[in-house]
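Dropping input.cif in here (mmCIF, C-alpha atoms):
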data_protein
#
loop_
_atom_site.group_PDB
_atom_site.id
_atom_site.type_symbol
_atom_site.label_atom_id
_atom_site.label_comp_id
_atom_site.auth_asym_id
_atom_site.auth_seq_id
_atom_site.Cartn_x
_atom_site.Cartn_y
_atom_site.Cartn_z
ATOM 1 C CA MET A 1 -4.078 -15.288 1.772
ATOM 2 C CA TRP A 2 -1.504 -17.879 2.799
ATOM 3 C CA PHE A 3 -3.100 -21.289 2.247
ATOM 4 C CA TYR A 4 -0.658 -23.794 3.745
ATOM 5 C CA ASP A 5 -1.066 -25.484 7.111
ATOM 6 C CA ASN A 6 2.294 -27.294 7.092
ATOM 7 C CA ILE A 7 4.477 -24.153 6.851
ATOM 8 C CA SER A 8 3.963 -20.516 7.794
ATOM 9 C CA ARG A 9 4.869 -17.566 5.573
ATOM 10 C CA ASP A 10 7.694 -16.717 8.028
ATOM 11 C CA GLU A 11 9.124 -20.245 7.854
ATOM 12 C CA PHE A 12 8.963 -20.155 4.053
ATOM 13 C CA GLU A 13 10.768 -16.790 3.981
ATOM 14 C CA LYS A 14 13.481 -18.277 6.224
ATOM 15 C CA ARG A 15 13.902 -21.086 3.695
ATOM 16 C CA LYS A 16 14.429 -18.443 1.001
ATOM 17 C CA ASP A 17 17.049 -16.870 3.310
ATOM 18 C CA THR A 18 18.830 -20.245 3.285
ATOM 19 C CA VAL A 19 18.833 -20.230 -0.531
ATOM 20 C CA GLU A 20 20.378 -16.746 -0.544
ATOM 21 C CA ARG A 21 23.011 -17.808 1.993
ATOM 22 C CA ILE A 22 23.995 -20.752 -0.195
ATOM 23 C CA MET A 23 24.127 -18.490 -3.258
ATOM 24 C CA ARG A 24 26.603 -16.239 -1.426
ATOM 25 C CA GLU A 25 28.655 -19.266 -0.371
ATOM 26 C CA LEU A 26 28.895 -20.233 -4.046
ATOM 27 C CA GLY A 27 30.226 -16.789 -4.960
ATOM 28 C CA ALA A 28 27.163 -14.687 -5.768
ATOM 29 C CA VAL A 29 27.474 -11.088 -4.595
ATOM 30 C CA LYS A 30 24.884 -8.418 -3.831
ATOM 31 C CA PRO A 31 25.494 -5.448 -6.135
ATOM 32 C CA ASN A 32 24.278 -2.014 -5.118
ATOM 33 C CA ILE A 33 21.197 -1.777 -7.354
ATOM 34 C CA ASN A 34 18.031 0.251 -6.944
ATOM 35 C CA LEU A 35 15.171 -1.341 -8.831
ATOM 36 C CA PRO A 36 12.723 0.993 -10.605
ATOM 37 C CA TYR A 37 9.762 -1.126 -9.425
ATOM 38 C CA ARG A 38 8.444 -2.894 -6.325
ATOM 39 C CA GLN A 39 8.793 -6.652 -6.379
ATOM 40 C CA LYS A 40 5.481 -8.490 -6.232
ATOM 41 C CA THR A 41 4.493 -12.103 -6.782
ATOM 42 C CA THR A 42 0.919 -13.243 -7.315
ATOM 43 C CA SER A 43 0.187 -16.979 -7.335
ATOM 44 C CA HIS A 44 -3.072 -18.669 -8.261
ATOM 45 C CA THR A 45 -3.670 -22.299 -7.314
ATOM 46 C CA GLY A 46 -6.782 -24.333 -6.655
ATOM 47 C CA GLY A 47 -9.021 -21.262 -6.816
ATOM 48 C CA LEU A 48 -6.908 -19.444 -4.209
ATOM 49 C CA THR A 49 -4.768 -16.349 -4.743
ATOM 50 C CA GLU A 50 -1.718 -15.188 -2.789
ATOM 51 C CA THR A 51 -0.038 -11.840 -3.458
ATOM 52 C CA HIS A 52 3.261 -11.172 -1.762
ATOM 53 C CA ARG A 53 5.452 -8.079 -1.899
ATOM 54 C CA SER A 54 9.028 -9.217 -1.739
ATOM 55 C CA ARG A 55 12.132 -7.427 -0.533
ATOM 56 C CA ARG A 56 14.556 -10.034 -1.779
ATOM 57 C CA PRO A 57 17.971 -8.744 -2.820
ATOM 58 C CA VAL A 58 19.443 -9.108 -6.271
ATOM 59 C CA PHE A 59 22.612 -11.163 -6.685
ATOM 60 C CA LYS A 60 25.225 -11.091 -9.422
ATOM 61 C CA PHE A 61 27.211 -14.130 -10.554
ATOM 62 C CA ASN A 62 29.245 -14.392 -13.781
ATOM 63 C CA ASN A 63 27.695 -11.226 -15.246
ATOM 64 C CA GLU A 64 24.123 -12.444 -14.754
ATOM 65 C CA TYR A 65 21.613 -11.295 -12.176
ATOM 66 C CA PHE A 66 19.597 -13.548 -9.876
ATOM 67 C CA ARG A 67 16.776 -13.166 -7.401
ATOM 68 C CA VAL A 68 14.958 -15.668 -5.187
ATOM 69 C CA ASP A 69 11.230 -15.854 -5.826
ATOM 70 C CA GLU A 70 8.408 -18.302 -5.200
ATOM 71 C CA PHE A 71 5.983 -20.552 -7.018
ATOM 72 C CA LEU A 72 3.017 -21.682 -4.946
ATOM 73 C CA CYS A 73 1.480 -25.038 -5.838
ATOM 74 C CA LYS A 74 -1.597 -26.510 -4.227
ATOM 75 C CA GLU A 75 0.398 -29.171 -2.340
ATOM 76 C CA LYS A 76 3.239 -26.970 -1.072
ATOM 77 C CA PRO A 77 5.279 -23.875 -1.889
ATOM 78 C CA PHE A 78 8.260 -24.018 -4.214
ATOM 79 C CA ILE A 79 11.276 -21.764 -4.497
ATOM 80 C CA VAL A 80 12.345 -20.468 -7.882
ATOM 81 C CA ILE A 81 15.417 -18.463 -8.826
ATOM 82 C CA GLU A 82 14.944 -15.777 -11.445
ATOM 83 C CA TYR A 83 17.889 -14.963 -13.714
ATOM 84 C CA GLY A 84 18.723 -12.577 -16.508
ATOM 85 C CA THR A 85 20.775 -9.720 -17.823
ATOM 86 C CA TYR A 86 20.947 -6.281 -16.247
ATOM 87 C CA ASP A 87 18.408 -4.963 -18.792
ATOM 88 C CA GLU A 88 16.010 -7.843 -18.055
ATOM 89 C CA LEU A 89 16.361 -7.171 -14.330
ATOM 90 C CA MET A 90 15.611 -3.474 -14.787
ATOM 91 C CA LYS A 91 12.563 -4.243 -16.956
ATOM 92 C CA ASN A 92 11.389 -6.983 -14.534
ATOM 93 C CA VAL A 93 11.343 -9.597 -17.308
ATOM 94 C CA MET A 94 13.772 -12.130 -15.884
ATOM 95 C CA HIS A 95 13.546 -15.849 -16.643
ATOM 96 C CA ASP A 96 12.566 -18.517 -14.114
ATOM 97 C CA ALA A 97 14.831 -21.462 -13.408
ATOM 98 C CA GLU A 98 13.213 -24.804 -12.587
ATOM 99 C CA PRO A 99 11.276 -24.475 -9.278
ATOM 100 C CA PHE A 100 12.210 -26.771 -6.404
ATOM 101 C CA PRO A 101 10.308 -27.694 -3.218
ATOM 102 C CA TYR A 102 11.046 -25.563 -0.176
ATOM 103 C CA ASP A 103 11.557 -28.662 1.974
ATOM 104 C CA LEU A 104 14.541 -30.142 0.151
ATOM 105 C CA PRO A 105 17.574 -30.807 2.362
ATOM 106 C CA ASP A 106 20.238 -28.078 2.165
ATOM 107 C CA ASP A 107 22.618 -30.238 0.096
ATOM 108 C CA GLU A 108 19.906 -30.783 -2.547
ATOM 109 C CA ILE A 109 19.080 -27.067 -2.519
ATOM 110 C CA LYS A 110 22.763 -26.385 -3.124
ATOM 111 C CA SER A 111 22.682 -28.711 -6.156
ATOM 112 C CA GLU A 112 19.610 -26.880 -7.523
ATOM 113 C CA ILE A 113 21.327 -23.521 -7.082
ATOM 114 C CA LYS A 114 24.497 -24.735 -8.798
ATOM 115 C CA LYS A 115 22.440 -25.817 -11.832
ATOM 116 C CA THR A 116 21.022 -22.300 -12.044
ATOM 117 C CA LEU A 117 24.189 -20.306 -11.402
ATOM 118 C CA ILE A 118 26.517 -22.287 -13.625
#
When written as C-alpha cells, how does the structure in this file appear?
Amino acid sequence: MWFYDNISRDEFEKRKDTVERIMRELGAVKPNINLPYRQKTTSHTGGLTETHRSRRPVFKFNNEYFRVDEFLCKEKPFIVIEYGTYDELMKNVMHDAEPFPYDLPDDEIKSEIKKTLI
C-alpha cells in the first residue's frame, strides 16, 4: 500500500528514472546481466508496509555494480543506490549507500550519486 499523499508511486518511479539518467551521464553503463532472482523491496514504517517489485536495471561503473532502490520513511520516500561486486549482485546481498530524499534538486542528486560512484 502506497502511503504518501504528496507524491504518487508513478512520480516516485520517474524520480528514480532521473537518478539512472544522471548515473549514465556520469559514465555508468548497463551491462547485459540476467539476475537469478526477482527484485523486491519491502518497507515498514509507522505500522504500514509497502512491497514493491522493481524492474530497475543494473549499472556498472569502475568494476562495481549499482542499482537504484528505495527506502520509505514515514515523512517521505528516499532513494538509495545499492552497490557491490558481481558476486554480491548475483547473491542479492549488495550494500546500501546513504539514502537521499526523492525531492532533492537534480544538481544535489548528482552530488549524491557522485559520492556513491566514486
Residue contacts of Ala97 of chain A (9 Å, all atoms listed in the file) excluding same-chain residues fewer than 2 positions away, as an mmCIF file with C-alpha atoms, in the frame of the given file:
data_model
loop_
_atom_site.group_PDB
_atom_site.id
_atom_site.type_symbol
_atom_site.label_atom_id
_atom_site.label_comp_id
_atom_site.auth_asym_id
_atom_site.auth_seq_id
_atom_site.Cartn_x
_atom_site.Cartn_y
_atom_site.Cartn_z
ATOM 1 C CA VAL A 80 12.345 -20.468 -7.882
ATOM 2 C CA ILE A 81 15.417 -18.463 -8.826
ATOM 3 C CA GLU A 82 14.944 -15.777 -11.445
ATOM 4 C CA TYR A 83 17.889 -14.963 -13.714
ATOM 5 C CA HIS A 95 13.546 -15.849 -16.643
ATOM 6 C CA PRO A 99 11.276 -24.475 -9.278
ATOM 7 C CA LYS A 115 22.440 -25.817 -11.832
ATOM 8 C CA THR A 116 21.022 -22.300 -12.044
#
### Task
Quote the spacing between atom CA of Tyr102 of chain A and atom CA of Phe78 of chain A in Å to one decimal place.
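Spanning atom CA of Tyr102 of chain A to atom CA of Phe78 of chain A is a straight-line distance of 5.1 Å.
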#### Entry: Å distance separating atom CA of Ile113 of chain A from atom CA of Val19 of chain A, one decimal place
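Rounded to one decimal, the two atoms are 7.7 Å apart.
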Skip Gly27 of chain A itself and residues of its chain fewer than 3 positions away, then list as an mmCIF file with C-alpha atoms, in the coordinates of the input all residues within 7 Å of it, counting only C-alpha atoms.
data_model
loop_
_atom_site.group_PDB
_atom_site.id
_atom_site.type_symbol
_atom_site.label_atom_id
_atom_site.label_comp_id
_atom_site.auth_asym_id
_atom_site.auth_seq_id
_atom_site.Cartn_x
_atom_site.Cartn_y
_atom_site.Cartn_z
ATOM 1 C CA MET A 23 24.127 -18.490 -3.258
ATOM 2 C CA ARG A 24 26.603 -16.239 -1.426
ATOM 3 C CA PHE A 61 27.211 -14.130 -10.554
#
### Query
Which is closer to Asp106 of chain A than all the others in A:Cys73, A:Ile22, A:Ile7, A:Leu89, using only C-alpha atoms?
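Closest candidate: A:Ile22.
The smallest atom-to-atom distance between Glu88 of chain A and any of A:Phe59, A:Phe12, A:Phe71, A:Tyr65, using all atoms listed in the file, is found for A:Tyr65.
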Resolved residues for the PyMOL selection byres ((chain A and resi 30-37) around 9) as a short mmCIF file (atom, residue, chain, number, x, y, z; two decimals) with C-alpha atoms, keeping the file's coordinate frame:
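Result file selection_37.cif:
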data_model
loop_
_atom_site.label_atom_id
_atom_site.label_comp_id
_atom_site.auth_asym_id
_atom_site.auth_seq_id
_atom_site.Cartn_x
_atom_site.Cartn_y
_atom_site.Cartn_z
CA ARG A 24 26.60 -16.24 -1.43
CA ALA A 28 27.16 -14.69 -5.77
CA VAL A 29 27.47 -11.09 -4.60
CA ARG A 38 8.44 -2.89 -6.32
CA GLN A 39 8.79 -6.65 -6.38
CA PRO A 57 17.97 -8.74 -2.82
CA VAL A 58 19.44 -9.11 -6.27
CA PHE A 59 22.61 -11.16 -6.68
CA LYS A 60 25.22 -11.09 -9.42
CA LEU A 89 16.36 -7.17 -14.33
CA MET A 90 15.61 -3.47 -14.79
CA LYS A 91 12.56 -4.24 -16.96
CA ASN A 92 11.39 -6.98 -14.53
#
### Query
atom CA of Met1 of chain A to atom CA of Arg56 of chain A: how many Å, to one decimal?
19.7 Å
#### Entry: Nearest to Thr41 of chain A, chosen from A:Tyr4, A:Lys16, A:Arg21, A:Asp69, with all atoms listed in the file counted in the distances
A:Asp69
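Distances from A:Gly84, A:Leu117, A:Glu98, A:Val68 to Arg15 of chain A were compared using all atoms listed in the file, and the smallest one belongs to A:Val68.
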### Task
Please identify all polymer residues within 8 Å of Thr85 of chain A, counting all atoms listed in the file, omitting same-chain residues fewer than 5 positions from it, and present them as a list of chain:residue names.
A:Asn63, A:Glu64, A:Tyr65, A:Met94
Please write the residues from the selection above to a file, keeping C-alpha atoms, as a PDB file, keeping the file's coordinate frame.
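After the write, part.pdb holds the following:
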ATOM      1  CA  ASN A  63      27.695 -11.226 -15.246  1.00  0.00           C
ATOM      2  CA  GLU A  64      24.123 -12.444 -14.754  1.00  0.00           C
ATOM      3  CA  TYR A  65      21.613 -11.295 -12.176  1.00  0.00           C
ATOM      4  CA  MET A  94      13.772 -12.130 -15.884  1.00  0.00           C
TER       5      MET A  94
END
### Message
Calculated over all atoms listed in the file, which of the candidates A:Ser8, A:Thr18, A:Thr49, A:Pro77 has the smallest distance to Asp107 of chain A?
### Response
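With all atoms listed in the file as the atom set, the closest residue is A:Thr18.
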### Query
Which is closer to Arg9 of chain A than all the others in A:Glu25, A:Leu72, A:Glu108, A:Arg67, using all atoms listed in the file?
A:Leu72
